[in-house]
Each structure stands twice: as structure tokens, then as C-alpha cells.
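Structure data (PDB, C-alpha atoms (C1' of nucleotides)) from start38.pdb:
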MODEL        1
ATOM      1  CA  MET A   1    -110.908 227.000 -77.483
ATOM      2  CA  THR A   2    -112.580 224.821 -74.922
ATOM      3  CA  ASP A   3    -114.327 223.360 -77.905
ATOM      4  CA  PRO A   4    -117.171 221.208 -76.586
ATOM      5  CA  THR A   5    -116.562 218.584 -79.283
ATOM      6  CA  ALA A   6    -112.906 218.304 -78.328
ATOM      7  CA  THR A   7    -113.430 215.920 -75.385
ATOM      8  CA  LYS A   8    -109.899 214.587 -75.453
ATOM      9  CA  SER A   9    -106.807 215.139 -73.287
ATOM     10  CA  ALA A  10    -105.871 216.940 -70.076
ATOM     11  CA  GLU A  11    -108.808 216.020 -67.870
ATOM     12  CA  THR A  12    -109.323 212.578 -69.388
ATOM     13  CA  LEU A  13    -107.176 209.461 -69.519
ATOM     14  CA  THR A  14    -106.788 206.902 -72.265
ATOM     15  CA  ILE A  15    -107.311 203.274 -71.432
ATOM     16  CA  ARG A  16    -103.581 202.711 -71.174
ATOM     17  CA  GLU A  17    -102.973 205.620 -68.839
ATOM     18  CA  MET A  18    -105.853 204.362 -66.778
ATOM     19  CA  CYS A  19    -104.416 200.858 -66.658
ATOM     20  CA  ASP A  20    -100.992 202.075 -65.653
ATOM     21  CA  SER A  21    -102.210 204.323 -62.897
ATOM     22  CA  PHE A  22    -104.529 201.735 -61.394
ATOM     23  CA  ASP A  23    -102.627 198.588 -62.267
ATOM     24  CA  VAL A  24    -105.436 196.837 -64.081
ATOM     25  CA  THR A  25    -105.721 195.441 -67.601
ATOM     26  CA  PRO A  26    -107.680 196.948 -70.493
ATOM     27  CA  ARG A  27    -109.896 193.900 -70.372
ATOM     28  CA  THR A  28    -110.849 194.769 -66.832
ATOM     29  CA  LEU A  29    -111.839 198.324 -67.713
ATOM     30  CA  ARG A  30    -113.919 197.192 -70.673
ATOM     31  CA  PHE A  31    -115.477 194.547 -68.502
ATOM     32  CA  TYR A  32    -116.416 197.107 -65.885
ATOM     33  CA  GLU A  33    -117.906 199.288 -68.568
ATOM     34  CA  ALA A  34    -119.957 196.374 -69.870
ATOM     35  CA  LYS A  35    -121.186 195.791 -66.336
ATOM     36  CA  GLU A  36    -122.081 199.485 -66.062
ATOM     37  CA  LEU A  37    -119.587 200.310 -63.383
ATOM     38  CA  LEU A  38    -117.718 202.810 -65.517
ATOM     39  CA  PHE A  39    -118.926 205.161 -68.241
ATOM     40  CA  PRO A  40    -115.989 206.460 -70.232
ATOM     41  CA  ILE A  41    -116.655 208.961 -73.021
ATOM     42  CA  ARG A  42    -116.442 207.445 -76.482
ATOM     43  CA  GLU A  43    -114.250 209.655 -78.649
ATOM     44  CA  GLY A  44    -114.982 207.987 -81.962
ATOM     45  CA  THR A  45    -114.149 204.381 -81.179
ATOM     46  CA  LYS A  46    -111.808 205.002 -78.262
ATOM     47  CA  ARG A  47    -112.520 205.433 -74.596
ATOM     48  CA  LEU A  48    -111.716 208.457 -72.493
ATOM     49  CA  PHE A  49    -111.923 208.095 -68.741
ATOM     50  CA  THR A  50    -113.011 211.089 -66.711
ATOM     51  CA  ARG A  51    -112.287 212.153 -63.169
ATOM     52  CA  LYS A  52    -115.540 210.508 -62.166
ATOM     53  CA  ASP A  53    -114.456 207.230 -63.683
ATOM     54  CA  ARG A  54    -111.257 207.392 -61.711
ATOM     55  CA  ALA A  55    -113.151 208.030 -58.486
ATOM     56  CA  ARG A  56    -115.474 205.134 -59.237
ATOM     57  CA  LEU A  57    -112.615 202.799 -60.065
ATOM     58  CA  THR A  58    -110.974 203.621 -56.755
ATOM     59  CA  LEU A  59    -114.140 202.626 -54.971
ATOM     60  CA  ILE A  60    -114.575 199.517 -57.099
ATOM     61  CA  LEU A  61    -111.100 198.265 -56.315
ATOM     62  CA  ARG A  62    -111.520 199.033 -52.650
ATOM     63  CA  GLY A  63    -114.837 197.214 -52.528
ATOM     64  CA  LYS A  64    -113.324 194.207 -54.196
ATOM     65  CA  ARG A  65    -110.743 193.816 -51.476
ATOM     66  CA  PHE A  66    -113.522 193.039 -49.052
ATOM     67  CA  GLY A  67    -115.116 190.359 -51.109
ATOM     68  CA  PHE A  68    -117.960 192.456 -52.463
ATOM     69  CA  THR A  69    -119.126 191.310 -55.854
ATOM     70  CA  LEU A  70    -119.156 193.704 -58.771
ATOM     71  CA  GLU A  71    -122.915 193.686 -58.621
ATOM     72  CA  ASP A  72    -122.801 194.662 -54.943
ATOM     73  CA  ILE A  73    -120.440 197.437 -55.844
ATOM     74  CA  ARG A  74    -122.534 198.617 -58.743
ATOM     75  CA  GLN A  75    -125.440 199.146 -56.420
ATOM     76  CA  LEU A  76    -123.313 200.954 -53.876
ATOM     77  CA  LEU A  77    -121.935 203.255 -56.539
ATOM     78  CA  GLY A  78    -125.423 204.647 -56.995
ATOM     79  CA  MET A  79    -124.818 206.163 -53.604
ATOM     80  CA  TYR A  80    -121.809 208.125 -54.729
ATOM     81  CA  ASP A  81    -123.357 209.317 -57.960
ATOM     82  CA  PRO A  82    -126.751 211.039 -57.872
ATOM     83  CA  THR A  83    -127.732 210.474 -61.503
ATOM     84  CA  GLY A  84    -131.267 209.257 -61.892
ATOM     85  CA  SER A  85    -132.004 209.694 -58.216
ATOM     86  CA  ASN A  86    -135.712 209.929 -57.941
ATOM     87  CA  ALA A  87    -137.139 209.753 -54.455
ATOM     88  CA  ASP A  88    -137.519 206.053 -53.726
ATOM     89  CA  GLN A  89    -134.464 205.108 -55.762
ATOM     90  CA  LEU A  90    -132.389 207.116 -53.338
ATOM     91  CA  ASP A  91    -134.308 205.561 -50.515
ATOM     92  CA  LYS A  92    -133.439 202.066 -51.702
ATOM     93  CA  THR A  93    -129.838 203.014 -52.179
ATOM     94  CA  CYS A  94    -129.671 204.256 -48.624
ATOM     95  CA  ALA A  95    -131.146 201.007 -47.414
ATOM     96  CA  ILE A  96    -128.537 199.031 -49.317
ATOM     97  CA  ALA A  97    -125.840 201.254 -47.909
ATOM     98  CA  ARG A  98    -127.016 200.696 -44.355
ATOM     99  CA  GLU A  99    -126.942 196.936 -44.864
ATOM    100  CA  ARG A 100    -123.468 197.060 -46.312
ATOM    101  CA  LEU A 101    -122.331 199.279 -43.508
ATOM    102  CA  ALA A 102    -123.567 196.850 -40.896
ATOM    103  CA  LEU A 103    -121.908 194.048 -42.825
ATOM    104  CA  MET A 104    -118.631 195.889 -43.000
ATOM    105  CA  GLU A 105    -118.647 196.694 -39.299
ATOM    106  CA  GLY A 106    -119.246 193.038 -38.548
ATOM    107  CA  GLN A 107    -116.415 192.212 -40.874
ATOM    108  CA  ARG A 108    -114.176 194.634 -39.069
ATOM    109  CA  ALA A 109    -114.908 192.977 -35.760
ATOM    110  CA  GLU A 110    -114.113 189.579 -37.188
ATOM    111  CA  LEU A 111    -110.990 190.877 -38.814
ATOM    112  CA  ASP A 112    -109.787 192.070 -35.443
ATOM    113  CA  ILE A 113    -110.388 188.631 -33.996
ATOM    114  CA  ALA A 114    -108.573 186.980 -36.851
ATOM    115  CA  ILE A 115    -105.638 189.352 -36.481
ATOM    116  CA  THR A 116    -105.397 188.699 -32.773
ATOM    117  CA  ASP A 117    -105.598 184.960 -33.356
ATOM    118  CA  LEU A 118    -102.995 184.957 -36.039
ATOM    119  CA  LYS A 119    -100.651 187.089 -33.956
ATOM    120  CA  ALA A 120    -100.953 184.641 -31.081
ATOM    121  CA  GLN A 121    -100.320 181.641 -33.308
ATOM    122  CA  LEU A 122     -97.403 183.368 -34.888
ATOM    123  CA  ALA A 123     -95.866 184.094 -31.509
ATOM    124  CA  GLU A 124     -96.339 180.448 -30.566
ATOM    125  CA  GLY A 125     -94.773 179.307 -33.819
ATOM    126  CA  GLU A 126     -91.771 181.486 -33.308
ATOM    127  CA  ARG A 127     -91.449 180.355 -29.735
ATOM    128  CA  LEU A 128     -91.268 176.786 -31.004
ATOM    129  CA  LEU A 129     -88.701 177.728 -33.584
ATOM    130  CA  ALA A 130     -86.517 179.376 -30.990
ATOM    131  CA  ALA A 131     -86.749 176.302 -28.784
ATOM    132  CA  ARG A 132     -85.651 174.071 -31.646
ATOM    133  CA  ARG A 133     -82.731 176.300 -32.403
ATOM    134  CA  ARG A 134     -81.612 176.047 -28.810
ATOM    135  CA  GLN A 135     -81.998 172.279 -29.082
ATOM    136  CA  ALA A 136     -79.982 172.131 -32.273
ATOM    137  CA  ALA A 137     -77.231 174.242 -30.731
ATOM    138  CA  GLU A 138     -76.574 171.747 -27.954
TER
ATOM    139  CA  MET B   1    -115.206 150.647 -22.403
ATOM    140  CA  THR B   2    -113.245 153.370 -24.155
ATOM    141  CA  ASP B   3    -112.769 150.783 -26.869
ATOM    142  CA  PRO B   4    -110.132 152.175 -29.246
ATOM    143  CA  THR B   5    -111.990 150.750 -32.264
ATOM    144  CA  ALA B   6    -115.213 152.454 -31.248
ATOM    145  CA  THR B   7    -114.367 155.881 -32.685
ATOM    146  CA  LYS B   8    -117.973 156.974 -32.949
ATOM    147  CA  SER B   9    -120.165 159.360 -30.946
ATOM    148  CA  ALA B  10    -119.776 161.852 -28.104
ATOM    149  CA  GLU B  11    -116.581 163.600 -29.163
ATOM    150  CA  THR B  12    -117.250 163.347 -32.867
ATOM    151  CA  LEU B  13    -119.944 164.744 -35.132
ATOM    152  CA  THR B  14    -121.619 163.207 -38.152
ATOM    153  CA  ILE B  15    -121.667 165.149 -41.372
ATOM    154  CA  ARG B  16    -125.208 166.288 -40.719
ATOM    155  CA  GLU B  17    -124.512 167.518 -37.216
ATOM    156  CA  MET B  18    -121.516 169.311 -38.595
ATOM    157  CA  CYS B  19    -123.574 170.930 -41.343
ATOM    158  CA  ASP B  20    -126.228 172.074 -38.935
ATOM    159  CA  SER B  21    -123.869 173.555 -36.429
ATOM    160  CA  PHE B  22    -121.830 175.417 -39.030
ATOM    161  CA  ASP B  23    -124.497 176.106 -41.591
ATOM    162  CA  VAL B  24    -122.742 174.545 -44.527
ATOM    163  CA  THR B  25    -123.745 171.761 -46.928
ATOM    164  CA  PRO B  26    -122.386 168.210 -46.971
ATOM    165  CA  ARG B  27    -120.947 168.977 -50.355
ATOM    166  CA  THR B  28    -118.878 171.737 -48.817
ATOM    167  CA  LEU B  29    -117.440 169.484 -46.127
ATOM    168  CA  ARG B  30    -116.543 166.773 -48.622
ATOM    169  CA  PHE B  31    -115.050 169.396 -50.853
ATOM    170  CA  TYR B  32    -112.887 170.707 -48.032
ATOM    171  CA  GLU B  33    -111.777 167.190 -47.276
ATOM    172  CA  ALA B  34    -110.851 166.644 -50.909
ATOM    173  CA  LYS B  35    -108.826 169.842 -50.748
ATOM    174  CA  GLU B  36    -107.124 168.604 -47.582
ATOM    175  CA  LEU B  37    -108.543 171.248 -45.320
ATOM    176  CA  LEU B  38    -110.360 168.753 -43.118
ATOM    177  CA  PHE B  39    -109.475 165.198 -42.114
ATOM    178  CA  PRO B  40    -112.518 163.475 -40.661
ATOM    179  CA  ILE B  41    -112.142 159.922 -39.390
ATOM    180  CA  ARG B  42    -113.608 157.314 -41.687
ATOM    181  CA  GLU B  43    -115.787 154.989 -39.645
ATOM    182  CA  GLY B  44    -116.430 152.379 -42.307
ATOM    183  CA  THR B  45    -117.807 154.489 -45.099
ATOM    184  CA  LYS B  46    -119.015 157.409 -43.014
ATOM    185  CA  ARG B  47    -117.226 160.501 -41.826
ATOM    186  CA  LEU B  48    -116.719 161.509 -38.239
ATOM    187  CA  PHE B  49    -115.577 165.029 -37.534
ATOM    188  CA  THR B  50    -113.359 165.620 -34.551
ATOM    189  CA  ARG B  51    -112.823 168.604 -32.332
ATOM    190  CA  LYS B  52    -109.855 169.505 -34.482
ATOM    191  CA  ASP B  53    -111.975 169.471 -37.586
ATOM    192  CA  ARG B  54    -114.393 171.830 -35.930
ATOM    193  CA  ALA B  55    -111.611 174.192 -34.965
ATOM    194  CA  ARG B  56    -110.262 174.083 -38.490
ATOM    195  CA  LEU B  57    -113.645 174.720 -40.026
ATOM    196  CA  THR B  58    -114.102 177.757 -37.829
ATOM    197  CA  LEU B  59    -110.842 179.135 -39.119
ATOM    198  CA  ILE B  60    -111.680 178.233 -42.706
ATOM    199  CA  LEU B  61    -114.978 180.056 -42.612
ATOM    200  CA  ARG B  62    -113.412 183.046 -40.958
ATOM    201  CA  GLY B  63    -110.657 183.181 -43.520
ATOM    202  CA  LYS B  64    -113.143 183.019 -46.337
ATOM    203  CA  ARG B  65    -114.880 186.156 -45.177
ATOM    204  CA  PHE B  66    -111.746 188.103 -45.952
ATOM    205  CA  GLY B  67    -111.364 186.870 -49.452
ATOM    206  CA  PHE B  68    -108.650 184.331 -48.735
ATOM    207  CA  THR B  69    -108.767 181.421 -51.125
ATOM    208  CA  LEU B  70    -109.044 177.894 -49.821
ATOM    209  CA  GLU B  71    -105.476 177.334 -50.880
ATOM    210  CA  ASP B  72    -104.355 180.351 -48.870
ATOM    211  CA  ILE B  73    -106.255 179.007 -45.940
ATOM    212  CA  ARG B  74    -104.856 175.519 -46.320
ATOM    213  CA  GLN B  75    -101.380 176.924 -45.964
ATOM    214  CA  LEU B  76    -102.331 179.000 -42.959
ATOM    215  CA  LEU B  77    -103.842 175.985 -41.260
ATOM    216  CA  GLY B  78    -100.412 174.427 -41.111
ATOM    217  CA  MET B  79     -99.777 177.120 -38.551
ATOM    218  CA  TYR B  80    -102.512 175.949 -36.260
ATOM    219  CA  ASP B  81    -101.733 172.285 -36.564
ATOM    220  CA  PRO B  82     -98.192 171.097 -35.907
ATOM    221  CA  THR B  83     -98.399 167.805 -37.776
ATOM    222  CA  GLY B  84     -95.404 167.245 -39.976
ATOM    223  CA  SER B  85     -93.691 170.337 -38.697
ATOM    224  CA  ASN B  86     -90.074 169.782 -39.374
ATOM    225  CA  ALA B  87     -87.833 172.760 -38.825
ATOM    226  CA  ASP B  88     -87.961 174.695 -42.095
ATOM    227  CA  GLN B  89     -91.576 173.779 -42.728
ATOM    228  CA  LEU B  90     -92.483 175.641 -39.588
ATOM    229  CA  ASP B  91     -90.214 178.418 -40.674
ATOM    230  CA  LYS B  92     -92.013 178.755 -43.987
ATOM    231  CA  THR B  93     -95.362 178.666 -42.313
ATOM    232  CA  CYS B  94     -94.320 181.488 -40.031
ATOM    233  CA  ALA B  95     -93.232 183.500 -43.032
ATOM    234  CA  ILE B  96     -96.585 182.982 -44.691
ATOM    235  CA  ALA B  97     -98.322 183.963 -41.501
ATOM    236  CA  ARG B  98     -96.351 187.181 -41.262
ATOM    237  CA  GLU B  99     -97.292 188.095 -44.812
ATOM    238  CA  ARG B 100    -100.937 187.398 -44.165
ATOM    239  CA  LEU B 101    -100.802 189.371 -40.990
ATOM    240  CA  ALA B 102     -99.413 192.417 -42.751
ATOM    241  CA  LEU B 103    -102.016 191.958 -45.442
ATOM    242  CA  MET B 104    -104.795 191.768 -42.917
ATOM    243  CA  GLU B 105    -103.654 194.842 -41.082
ATOM    244  CA  GLY B 106    -103.574 196.738 -44.328
ATOM    245  CA  GLN B 107    -107.006 195.433 -45.039
ATOM    246  CA  ARG B 108    -108.238 196.647 -41.705
ATOM    247  CA  ALA B 109    -106.929 200.127 -42.416
ATOM    248  CA  GLU B 110    -108.711 200.172 -45.733
ATOM    249  CA  LEU B 111    -111.839 198.803 -44.210
ATOM    250  CA  ASP B 112    -111.831 201.664 -41.751
ATOM    251  CA  ILE B 113    -111.532 204.121 -44.613
ATOM    252  CA  ALA B 114    -114.334 202.459 -46.495
ATOM    253  CA  ILE B 115    -116.557 202.487 -43.433
ATOM    254  CA  THR B 116    -115.901 206.161 -42.819
ATOM    255  CA  ASP B 117    -116.571 206.950 -46.472
ATOM    256  CA  LEU B 118    -119.750 205.001 -46.584
ATOM    257  CA  LYS B 119    -121.009 206.566 -43.378
ATOM    258  CA  ALA B 120    -120.416 210.026 -44.799
ATOM    259  CA  GLN B 121    -122.162 209.199 -48.052
ATOM    260  CA  LEU B 122    -125.022 207.671 -46.173
ATOM    261  CA  ALA B 123    -125.431 210.773 -44.055
ATOM    262  CA  GLU B 124    -125.406 212.886 -47.200
ATOM    263  CA  GLY B 125    -127.980 210.644 -48.825
ATOM    264  CA  GLU B 126    -130.266 210.862 -45.879
ATOM    265  CA  ARG B 127    -129.848 214.612 -45.733
ATOM    266  CA  LEU B 128    -131.024 214.772 -49.333
ATOM    267  CA  LEU B 129    -133.952 212.535 -48.556
ATOM    268  CA  ALA B 130    -135.013 214.712 -45.666
ATOM    269  CA  ALA B 131    -134.784 217.795 -47.849
ATOM    270  CA  ARG B 132    -137.008 216.197 -50.462
ATOM    271  CA  ARG B 133    -139.544 215.235 -47.895
ATOM    272  CA  ARG B 134    -139.726 218.839 -46.715
ATOM    273  CA  GLN B 135    -140.140 219.879 -50.349
ATOM    274  CA  ALA B 136    -142.910 217.370 -50.901
ATOM    275  CA  ALA B 137    -144.700 218.490 -47.752
ATOM    276  CA  GLU B 138    -145.057 222.061 -49.021
TER
ATOM    277  C1'  DC C   1     -98.345 204.622 -98.633
ATOM    278  C1'  DG C   2     -96.688 200.898 -95.854
ATOM    279  C1'  DT C   3     -96.066 199.415 -91.278
ATOM    280  C1'  DT C   4     -95.749 199.844 -86.538
ATOM    281  C1'  DA C   5     -98.341 200.420 -82.370
ATOM    282  C1'  DC C   6    -102.347 200.404 -79.863
ATOM    283  C1'  DA C   7    -107.529 200.085 -79.505
ATOM    284  C1'  DT C   8    -111.784 197.686 -80.331
ATOM    285  C1'  DT C   9    -115.182 193.932 -80.720
ATOM    286  C1'  DT C  10    -116.417 189.126 -80.581
ATOM    287  C1'  DA C  11    -116.065 185.024 -78.639
ATOM    288  C1'  DC C  12    -114.399 181.113 -76.475
ATOM    289  C1'  DG C  13    -111.362 179.551 -72.343
ATOM    290  C1'  DT C  14    -110.295 179.409 -67.299
ATOM    291  C1'  DT C  15    -110.347 179.090 -62.187
ATOM    292  C1'  DA C  16    -112.536 178.814 -57.686
ATOM    293  C1'  DA C  17    -115.996 177.037 -54.960
ATOM    294  C1'  DC C  18    -119.279 174.791 -54.728
ATOM    295  C1'  DG C  19    -124.482 172.975 -56.741
ATOM    296  C1'  DT C  20    -126.916 169.276 -58.525
ATOM    297  C1'  DC C  21    -128.068 165.026 -60.119
ATOM    298  C1'  DA C  22    -127.480 159.820 -60.396
ATOM    299  C1'  DA C  23    -126.714 155.428 -58.577
ATOM    300  C1'  DG C  24    -125.352 152.578 -54.992
ATOM    301  C1'  DC C  25    -124.360 151.163 -49.877
ATOM    302  C1'  DA C  26    -125.729 150.767 -44.894
ATOM    303  C1'  DC C  27    -129.086 150.933 -41.072
ATOM    304  C1'  DT C  28    -133.265 150.765 -39.085
ATOM    305  C1'  DC C  29    -138.094 150.144 -38.524
ATOM    306  C1'  DT C  30    -141.926 147.331 -39.262
TER
ATOM    307  C1'  DA D   1    -138.114 141.109 -46.760
ATOM    308  C1'  DG D   2    -139.398 145.657 -48.105
ATOM    309  C1'  DA D   3    -139.347 150.587 -47.490
ATOM    310  C1'  DG D   4    -137.358 154.607 -45.986
ATOM    311  C1'  DT D   5    -133.663 157.496 -44.588
ATOM    312  C1'  DG D   6    -129.180 159.165 -44.777
ATOM    313  C1'  DC D   7    -124.399 158.795 -46.372
ATOM    314  C1'  DT D   8    -121.194 157.799 -50.166
ATOM    315  C1'  DT D   9    -118.830 158.505 -54.537
ATOM    316  C1'  DG D  10    -118.595 160.049 -59.177
ATOM    317  C1'  DA D  11    -119.439 163.311 -62.632
ATOM    318  C1'  DC D  12    -121.212 167.116 -64.970
ATOM    319  C1'  DG D  13    -123.211 172.048 -64.354
ATOM    320  C1'  DT D  14    -122.789 176.895 -62.744
ATOM    321  C1'  DT D  15    -121.361 181.694 -61.621
ATOM    322  C1'  DA D  16    -118.084 185.467 -61.193
ATOM    323  C1'  DA D  17    -114.399 187.855 -62.974
ATOM    324  C1'  DC D  18    -111.692 188.150 -65.835
ATOM    325  C1'  DG D  19    -107.758 185.917 -69.604
ATOM    326  C1'  DT D  20    -106.654 185.218 -74.201
ATOM    327  C1'  DA D  21    -106.848 184.894 -79.035
ATOM    328  C1'  DA D  22    -108.513 186.445 -83.659
ATOM    329  C1'  DA D  23    -109.943 189.775 -86.748
ATOM    330  C1'  DT D  24    -110.448 194.521 -87.685
ATOM    331  C1'  DG D  25    -109.783 199.606 -87.189
ATOM    332  C1'  DT D  26    -107.072 203.769 -86.967
ATOM    333  C1'  DA D  27    -103.654 207.140 -85.817
ATOM    334  C1'  DA D  28     -99.129 208.487 -86.428
ATOM    335  C1'  DC D  29     -94.467 207.881 -88.103
ATOM    336  C1'  DG D  30     -90.955 207.811 -91.726
TER
ENDMDL
END
Whole structure given in C-alpha cells:
Amino acid sequence: MTDPTATKSAETLTIREMCDSFDVTPRTLRFYEAKELLFPIREGTKRLFTRKDRARLTLILRGKRFGFTLEDIRQLLGMYDPTGSNADQLDKTCAIARERLALMEGQRAELDIAITDLKAQLAEGERLLAARRRQAAE
Amino acid sequence: MTDPTATKSAETLTIREMCDSFDVTPRTLRFYEAKELLFPIREGTKRLFTRKDRARLTLILRGKRFGFTLEDIRQLLGMYDPTGSNADQLDKTCAIARERLALMEGQRAELDIAITDLKAQLAEGERLLAARRRQAAE
DNA sequence: CGTTACATTTACGTTAACGTCAAGCACTCT
DNA sequence: AGAGTGCTTGACGTTAACGTAAATGTAACG
């Protein structure tokens, strides 16, 4: 037992299980693999997604929601996974991370502005609506 | 003076002035006009951008930074500009705005998570780097 | 052993948001 | 009048991030 060749089941997910739990299509997962964002185990011809793949996918999907490109995300993922981290590779990755961080904090500030703006406009819009309803009720 | 046919200058900007002050290309402005996001005055063959256009462009560019599509943004702009706002049009626009608002607040929450995550990873990365430098100095 | 049910690869299609010519007006300067 | 500069309208090209279809494989079920 715990046969090293028996990589299947329990800890790993099939492509379908993966799709269901993350709400993505198989095409997307294969695409991410082609772009070297995920590295599922190949059991014969099929793919088996590990815990690491799941963690990475979580980060990928999160990154996407902020307009980062997959290439941006691929570089950032180096940060979360220390494979092939020689000295100046890690250094570069840190530099990238600092840039992104600054970018994200700027984005947060802008988002706050946008939220405040939109709230104000919404209030105004609803004020107008209320006024019209009063008008219509006369 | 204040000739109503003389729509040019002072209050309005040419396409180039517009491009320079917003850091976009002419192509972009024409594209936005084609998509009905901007409505510059046509002085003969040329475009003249009004104060309203500038306000709209500010909002467009802001919206873009959060991954909203131009179509999303076009709908939101109805909110900020009450032209053609009959009763249930305004109502719909408010509904859209509320959705977006919820979306943006969710996005802000996630952004906070992502920032915290990235900060932690960055700290870890730099800790590793420091350790290696001590190693290399021995 | 046939077929049903997914998985896989290959490859072309699609959408958004512009970029990049090409060719022609419109002004202005000389 | 000629030259230059900038603006205009097509119209085709491009990139990212997948969608979708076709052909093949394969694992399990009855």
C-alpha cells in the first residue's frame, strides 16, 4: 500500500471534479496547463490535479478578477512555489511582487473612490426616482 | 460674441489635447465614440470634446481598471448622465448600479485578501533571500 | 464485445479593445 | 500654388483567453 506508482485518487482530483469545484471548463484547465500555470500529474493519458494545483488555481482565479493577465499571474506564482529558486531568480520574483503590490494598493485606493462615487450617484438616482413617484401620485 | 455657431475653443478640447491630457490615442477616442461612450461635437469634420466628455472619459478609464467591459461602462454612464431618462430607464440604471456596487465591494474584499497574501509571501521571500545572503557570506 | 461516457489532442473560431496602415480633406505658412 | 501638418474615415491586423468541433482513446458497464 501507498504504492508510489498508484498516483490516483484521494488526494488528487480528476479534471471533472476540478471543474465542478472551481466552476471552470476542462478547456480552461488544459489551457492553464499549456501556459504553465498548472502542472497536473499525468496518469497515463489523464490528468490528476494535486493540492498544489488547487492552491494555484485559487490564486489564478483571484488574480484574474483584478485584471491581471495570465502571464502576470504566472510570474507571481513563482512567488508561491519555490521550485527552481536560485538566488537571483527569487530576487526578481520579489521585485515583481513588490511592483504588483504597489499596483494593487493603488487599485484599492481607486476602487474606494469609484465605490464612493457610485454610491453618491446611486443615491442621487434614487432621490430622483422618489421625486417622480411623488409627482406621478398627484 | 458668444456666437452660438462658434462652438470651438476655450471650453472644448481637440482630439490631440484630449489625448495628451488623458494619455490615450486618437484611435481610442474615436473607438469610444463609435461605441457611444463619448459624444464630441462635430465642428465640420473635426471633433470637439466637451466638459461632459472629459468627465465621462475619466469614469471610463476608471471603470476599465477594474475589469469592467466597455459595454458595462456604457450602461453605467447612463447613471451619470440623465439624458433620455424616462421613469423605468432610470429604474433599470439604478438596478444595474446596485449590482455593480455589490460587485465592487466584493472585489474590494478580495483585493484586501490578495494584498495581505502577497505581503506575507513577499516577506517570506525576502526572509529567504536574507538567509541565503548570510549563507553566502560565510 | 459493443456501446456509453468521458478524456485527450489538434486545430480553427470568437470577442474585446484597440493598433496600424492607406488615402483623402482642411488649414496654414511661405 | 505647393508643402507640411493634423484630422478624418475605412478597413484589415493583433493579442488574450478561451469556445467549439472533429477525431481518437480508454475505462467501465451489461
Note to self: At a cut-off of 12 Å, which residues of chain A touch chain D? Count only C-alpha atoms (C1' of nucleotides) and give the answer as a VMD selection string.
What the structure shows: chain A and resid 24 to 32 35 44 to 46 64 67 to 71
Note to self: What would the selection look like, as a count of residues only, if the PyMOL selection byres ((chain A and resi 123-125) around 9) were run on the coordinates I just shared?
What the structure shows: 16
Identify all chain C residues at most 9 Å from chain B by counting only C-alpha atoms (C1' of nucleotides); ligands do not count. Present them as a PDB file with C-alpha atoms (C1' of nucleotides), in the coordinates of the input.
ATOM      1  C1'  DA C  16    -112.536 178.814 -57.686  1.00  0.00           C
ATOM      2  C1'  DA C  17    -115.996 177.037 -54.960  1.00  0.00           C
ATOM      3  C1'  DC C  18    -119.279 174.791 -54.728  1.00  0.00           C
ATOM      4  C1'  DG C  19    -124.482 172.975 -56.741  1.00  0.00           C
ATOM      5  C1'  DC C  25    -124.360 151.163 -49.877  1.00  0.00           C
ATOM      6  C1'  DA C  26    -125.729 150.767 -44.894  1.00  0.00           C
TER       7       DA C  26
END
Using the file's own x, y and z axes, so that the box edges lie along x, y and z, what centre and edge lengths in Å (one decimal) does a box around every listed atom of stretch 8-17 of chain C get when 4 Å is added on each side? Give it as AutoDock Vina command-line options.
--center_x -113.4 --center_y 187.4 --center_z -67.8 --size_x 14.1 --size_y 28.6 --size_z 33.8
Notebook entry, point to check: atom CA of B:Gln75 to atom CA of B:Ala97: how many Å, to one decimal?
Noted result: 8.9 Å
Check: A:Asp23: which residues within 12 Å, counting all atoms listed in the file, same-chain residues fewer than 6 positions away excluded, as a ChimeraX atom specification?
Finding: /A:15-17,29,57-58,61
Item checked: Radius query 12 Å about (-113.4, 189.0, -35.1), atoms used: all atoms listed in the file, as number ranges by chain -> A: 104-118; B: 58-59, 61-63, 65-66, 104, 108
Notebook entry, point to check: Looking at A:Leu76, A:Ala102, A:Ala55, A:Ala131, which one is nearest to A:Phe39, with distances taken over all atoms listed in the file?
Noted result: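 Under the stated criterion, the closest residue is A:Ala55.
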Margin query: For a test of reading the model, state the distance in Å between atom CA of A:Thr50 and atom CA of A:Leu13, rounded to one decimal.
Written below: 6.7 Å
Check: In Å, how far is it from atom CA of B:Asp72 to atom C1' of C:DT15?
Finding: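 So the answer is 14.7 Å.
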